[in-house]
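To keep things clear, I will list the structure first and then write my remarks on it.
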Amino acid sequence: MQQPDRIAHPWGERTPYGRDGRWPARVDQHLADGVAPEDVQRWAKSASLLHSNGDAMDIAVVDGRIVGVRGRADDRVNGGRLGPKDLFGWQANASPDRLTRPLVRMGGRLVETDWDTAMGRVVAESKRLLERRGPSAIGFYTTGQLFLEEYYTLAAIARGAIGTNHLDGNTRLCTATAAAALKETFACDGQPGSFTDVDHADVIALFGHNAAETQPVLWMRILDRLAGPNPPALVCVDPRDTPVADAARESGGVHLAPLPGTNVALMNGLLHEIVENGWVDREYVEAHTVGFAELEKRVQEYPPDRVAEICRIEPEQIRSAARVLGRAERLLSTVLQGFYQSHQATAAAVQVNNLNLIRGMLGRPGCGILQMNGQPTAQNTRECGADGDLTGFRNWENDAHVAELARHWNVEPTRIPHMAPPTHAMQMFRYAEQGSIRMLWVSGTNPAVSLPELVRIRRILSQRRLFLVVQDIFLSETAQLADVVLPAATWGEKTGTFTNADRTVHFSEKAVDPPGHGRPDLDIFLDYARRMDFRDKDGRPFPQWHDGESAFDAWAACSAGRPCDYSGLSHAKLREAPSGIQWPCTAENPDGTERLYTDGRFWSAPDHCESYGRDLVTGAPLEETEYRALNPDAKAILKAAEYLPPHERPSDEYPFVLITGRTIHHFHTRTKTGRVPELQAAAPDVWVECSKDDARRLGLADGDAAEVATPRGTITARVRIGDIRGGVLFVPFHYGYWDTTGSGPGGGRGRAANELTVTDWDPASKQPLFKTAAARLGGAS
Amino acid sequence: MSKLRLVLRELHRGEAGLARDLLAVADRHRADHEIFHVARDVAGWSQEHVRRIAEVGADFGVRLNPEPRWTLPGVGVLGRRAGAALARRPASGLLLLADLRHVHRKAAGVSLDWELLAQAAQAMKKQSLMQLAADCHPQTLRQMRWANAQLKVTSPQVIAS
Ligand code: SF4
């Protein structure tokens, strides 16, 4: 089969279908040069680990090597399709520079060693700190790329065995606001909608969600609807003129390009029009929500003219976007980083929930909300409590929930810290900076490139008083600063499960052995627990499970009765199932659940809910009594929010607004995709995108070397003149230093976008804001 | 009427002081980024309250400055220096706890004054004053809860470590 060039044509050919039709299958496949499909000895079942879509695929194996991938035609998520990263990304597994042995720092250098020596150091340091300083001296910073079993185990170790409150994932950077927005509105995490809502919607609104690049297979689904009969109209909110923006205009919808940092004003303006024009489903609002009066009052302050001034767009654009949204019969809204990583992140994402709720557009085919995730397994980080949440969407403020979790783990409830919300990542780095966290164990992530204000982050990670453990598959920028480096196995080299952005759980089978002495993350965590000799209440080794399958079963039991109920799932069932299965999945409901809240009933009863909510401006958690007064009948909560101007605004010295983001070819800090020839060639180096007018004014031409500076740092990047709104710069954040100068820029100029970004986060979700910094652009000398 | 003026004066003084304190706290804790940003955001509420109190005050014959000085000369610089010197030391945590405690108490005082004004406005049927209290008082309560919540979140690490 002749494969089209999927770098030049990332979305492949169209397979059009009409409203309420079934999305036709299209099987994408890529095999190494010289390998024919009949040469493949084994196909191992898996799904994509390079974005949050969860595209199901099989891994081709020949002689113990991965030689390619093929999409799974019968899977509900992708119907056989794969994006460019899926097609080519597997090659990174076999990179010659994979970590194959543990490393320890000796005389200032990292040297190879064996597992006993490396783990011996980690254990000795843990014990020393526990004895001298207590559990709050130890922190864990994990990822959105491990498997469910691994997060569950890590959460049990950190919270149930050590008893530290400091465990978070880099999901803080990409999915924290999704979770927070769901918790504010529904009082509990859990994606309401389903990707199949694309099949039924007549309006699809993408808020700060460049699906074309971040979720190419979901975008193929939308493109196929657009190419078929009864296509939907799109509404796109993005300061850049992306393929989504293009498609929106062509579909008869609207593209809005507000000034970065003004999303709450924009959303309030849209809601204002919906209310003003009587497009509110009063019956739904009355029956299923609280807070409408306050929302109505709040949005009255945001007529189109005022909003247009704040967002610097035309008032008529707001009116016409509101018309499309207000007249939709089946509205699907999706949200991603354009909202999550921008000023007032949670407040803005919550207004999208409000939009669907007041229009009564939830829980029916085509009527859905997708608060997207960034990373492939971010959903599991959240569910398992390996980010700043309690395992199983439990409420840290509810003593009964803590006791229930303690029962599952068979530990004393007092062992599980719950005096305050679990520590979020940015605060953990602050504690390390102040010297109260003395050991940080980083698994599967690269903060030395991905966190804001890198000068500060490198300074924190390089402190001598901080014992840094890094568990990874490559010697990343962060690993280079570590005291101990643990070589891990990755996708295709271990067996486990993970869950995508629409709650679809996939099984991922081991296809080949990890290189050298690399070990699955689960084995590393369990090995640590045994060496630390953690025990449960009855003196049995804790965690009580010992491998992937027993970890999964323990999790399934622990999740039973919670919204993310996995009790109807097992490794055996997922291995056999032709397609991934959406949770909740129980004995009564063995095929899983396509949409949440179909009956307009929510997980918001005070005794069940995961969260009592927060003040959207100050971030202060609500007390139980306040919550009970607000929502005694378990309805959805319409939370209003006032617009506040962004904290760092353009000035004479720094006249631009800088936003950072992704490109379709790379993932996170490029540790995998930068080692894949096709992907690396497609996007080899950092660039800065600016508008034609701005470039002309500054005397810059396409391809020129330019300097981008903020009060925190400077990088050099090639100029790319694009259809971005004037006064805004875009820099992709994937590029660091592992393939240039090491762990940082050395003496030279930087190239990581996060040299520039500001340390500021949304007070409600604690997600860092990568899309509001004042910057300067000029030619590079 | 003269007692009402007294209440307005007191509120104006309290809100202006609260705004100043919040700005000073922000300045002292620049390295605690959430404190820095949120303290400034909610100081903005108090600044707005001051402006509105002054505006309404005029109708009741009290002359109040809508734009008083927000920083006391010297204090900002000193505070920032002290804050910067401590930024990477655990002791900065203790300073933060003390500051949050102060803000909470100050905001609680202002909240009581709003209560007084609201009661008086009701008794005297002064619509403009009732509206003023209804708009501003909830934000004072949010300032209080913010200080309280931050205290709760920060104290375990500061005290236990
Ligand atoms: S690229 Fe990084 S920050 Fe962005 S969504 Fe993916 S994992 Fe999250």
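Here's how to read the names in the structure tokens: chain A, B, ... by the order shown, residue numbers from 1 in each chain, ligand numbers from 1 in the order shown.
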
Legend entry - chain A contacts on chain B, only C-alpha atoms, 6 Å, as a ChimeraX atom specification: /B:88-90,146,149,153,161

How would the residues just chosen look if you wrote them out with all heavy atoms as a PDB file, in the first residue's frame?
```pdb
ATOM      1  N   ARG B  88      15.402  32.799  49.443  1.00  0.00           N
ATOM      2  CA  ARG B  88      15.782  31.395  49.305  1.00  0.00           C
ATOM      3  C   ARG B  88      16.004  30.728  50.646  1.00  0.00           C
ATOM      4  O   ARG B  88      16.637  29.701  50.753  1.00  0.00           O
ATOM      5  CB  ARG B  88      17.028  31.283  48.431  1.00  0.00           C
ATOM      6  CG  ARG B  88      16.685  31.655  46.993  1.00  0.00           C
ATOM      7  CD  ARG B  88      17.895  31.737  46.127  1.00  0.00           C
ATOM      8  NE  ARG B  88      17.716  32.815  45.158  1.00  0.00           N
ATOM      9  CZ  ARG B  88      18.684  33.269  44.386  1.00  0.00           C
ATOM     10  NH1 ARG B  88      19.890  32.756  44.461  1.00  0.00           N
ATOM     11  NH2 ARG B  88      18.452  34.241  43.550  1.00  0.00           N
ATOM     12  N   ARG B  89      15.524  31.362  51.701  1.00  0.00           N
ATOM     13  CA  ARG B  89      15.688  30.780  53.031  1.00  0.00           C
ATOM     14  C   ARG B  89      14.339  30.385  53.600  1.00  0.00           C
ATOM     15  O   ARG B  89      13.331  31.033  53.339  1.00  0.00           O
ATOM     16  CB  ARG B  89      16.309  31.822  53.960  1.00  0.00           C
ATOM     17  CG  ARG B  89      17.670  32.256  53.482  1.00  0.00           C
ATOM     18  CD  ARG B  89      18.736  31.915  54.496  1.00  0.00           C
ATOM     19  NE  ARG B  89      19.753  32.942  54.499  1.00  0.00           N
ATOM     20  CZ  ARG B  89      19.686  34.025  55.249  1.00  0.00           C
ATOM     21  NH1 ARG B  89      18.655  34.205  56.065  1.00  0.00           N
ATOM     22  NH2 ARG B  89      20.623  34.909  55.205  1.00  0.00           N
ATOM     23  N   PRO B  90      14.320  29.374  54.419  1.00  0.00           N
ATOM     24  CA  PRO B  90      13.069  28.945  55.018  1.00  0.00           C
ATOM     25  C   PRO B  90      12.411  30.048  55.844  1.00  0.00           C
ATOM     26  O   PRO B  90      11.193  30.115  55.947  1.00  0.00           O
ATOM     27  CB  PRO B  90      13.469  27.781  55.920  1.00  0.00           C
ATOM     28  CG  PRO B  90      14.803  27.323  55.435  1.00  0.00           C
ATOM     29  CD  PRO B  90      15.454  28.515  54.806  1.00  0.00           C
ATOM     30  N   TRP B 146      -9.084  34.568  51.374  1.00  0.00           N
ATOM     31  CA  TRP B 146      -7.825  34.311  50.671  1.00  0.00           C
ATOM     32  C   TRP B 146      -6.668  34.226  51.682  1.00  0.00           C
ATOM     33  O   TRP B 146      -5.882  33.272  51.654  1.00  0.00           O
ATOM     34  CB  TRP B 146      -7.555  35.412  49.644  1.00  0.00           C
ATOM     35  CG  TRP B 146      -6.167  35.368  49.097  1.00  0.00           C
ATOM     36  CD1 TRP B 146      -5.672  34.436  48.226  1.00  0.00           C
ATOM     37  CD2 TRP B 146      -5.085  36.251  49.407  1.00  0.00           C
ATOM     38  NE1 TRP B 146      -4.340  34.688  47.976  1.00  0.00           N
ATOM     39  CE2 TRP B 146      -3.956  35.798  48.684  1.00  0.00           C
ATOM     40  CE3 TRP B 146      -4.950  37.383  50.212  1.00  0.00           C
ATOM     41  CZ2 TRP B 146      -2.718  36.436  48.754  1.00  0.00           C
ATOM     42  CZ3 TRP B 146      -3.722  38.015  50.269  1.00  0.00           C
ATOM     43  CH2 TRP B 146      -2.618  37.548  49.560  1.00  0.00           C
ATOM     44  N   ALA B 149      -6.984  31.048  53.666  1.00  0.00           N
ATOM     45  CA  ALA B 149      -6.655  29.841  52.911  1.00  0.00           C
ATOM     46  C   ALA B 149      -5.154  29.733  52.685  1.00  0.00           C
ATOM     47  O   ALA B 149      -4.559  28.654  52.832  1.00  0.00           O
ATOM     48  CB  ALA B 149      -7.397  29.845  51.576  1.00  0.00           C
ATOM     49  N   VAL B 153      -2.689  26.683  53.802  1.00  0.00           N
ATOM     50  CA  VAL B 153      -1.900  25.899  52.842  1.00  0.00           C
ATOM     51  C   VAL B 153      -0.406  25.977  53.165  1.00  0.00           C
ATOM     52  O   VAL B 153       0.312  24.985  53.068  1.00  0.00           O
ATOM     53  CB  VAL B 153      -2.153  26.413  51.402  1.00  0.00           C
ATOM     54  CG1 VAL B 153      -1.198  25.775  50.417  1.00  0.00           C
ATOM     55  CG2 VAL B 153      -3.593  26.144  51.003  1.00  0.00           C
ATOM     56  N   SER B 161       8.775  22.002  58.773  1.00  0.00           N
ATOM     57  CA  SER B 161      10.082  21.703  58.179  1.00  0.00           C
ATOM     58  C   SER B 161      11.216  22.451  58.868  1.00  0.00           C
ATOM     59  O   SER B 161      11.001  23.441  59.522  1.00  0.00           O
ATOM     60  CB  SER B 161      10.076  22.028  56.697  1.00  0.00           C
ATOM     61  OG  SER B 161       9.900  23.413  56.536  1.00  0.00           O
TER      62      SER B 161
END
```

Inset, instruction - List all protein, DNA and RNA residues that have an atom no more than 7 Å from any atom of ligand 1, counting only C-alpha atoms and all ligand atoms, and report them as a PyMOL selection string. - result: chain A and resi 51+144+171+173-175+373-375+661-662+667-668

Legend entry - Exercise: range 266-271 of chain A partners within 6 Å, only C-alpha atoms, chain neighbours under 6 positions left out, as a PyMOL selection string: chain A and resi 299+302-304+307+322

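Residues within 7 Å of Arg40 in chain B, counting only C-alpha atoms and excluding same-chain residues fewer than 2 positions away, are Leu22, Leu23, Ala26, Phe36, His37, Val38, Val42, Ala43 and Gly44 of chain B.
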
Written file, previous selection with C-alpha atoms, as a CSV table (one decimal), in the first residue's frame:
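Generated output (result.csv):
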```
chain,number,residue,atom,x,y,z
B,22,LEU,CA,-1.7,44.2,50.4
B,23,LEU,CA,0.7,46.0,48.1
B,26,ALA,CA,3.1,41.6,47.5
B,36,PHE,CA,2.7,38.5,44.8
B,37,HIS,CA,0.1,38.4,42.0
B,38,VAL,CA,-3.0,37.7,43.9
B,42,VAL,CA,-7.2,42.0,45.4
B,43,ALA,CA,-5.5,45.2,46.5
B,44,GLY,CA,-7.1,46.5,43.3
```

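Considering only C-alpha atoms, the residue among B:Leu112, B:Val103, B:Ala118, B:Leu96 positioned nearest to Asp32 in chain B is B:Leu96.
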
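Proximity to Asn410 in chain A at 8 Å, evaluated using only C-alpha atoms and with sequence-adjacent residues fewer than 6 positions away removed, yields A:Asp536, A:Lys537, A:Asp538.
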
Inset, instruction - List every residue of range 140-362 of chain A that DSSP, applied to the backbone, labels as helix (DSSP H, G or I), and write the result as number ranges by chain. - result: A: 148-162, 170-173, 176-186, 197-200, 211-214, 216-227, 243-250, 263-276, 282-288, 292-300, 304-311, 315-327, 337-340, 345-358
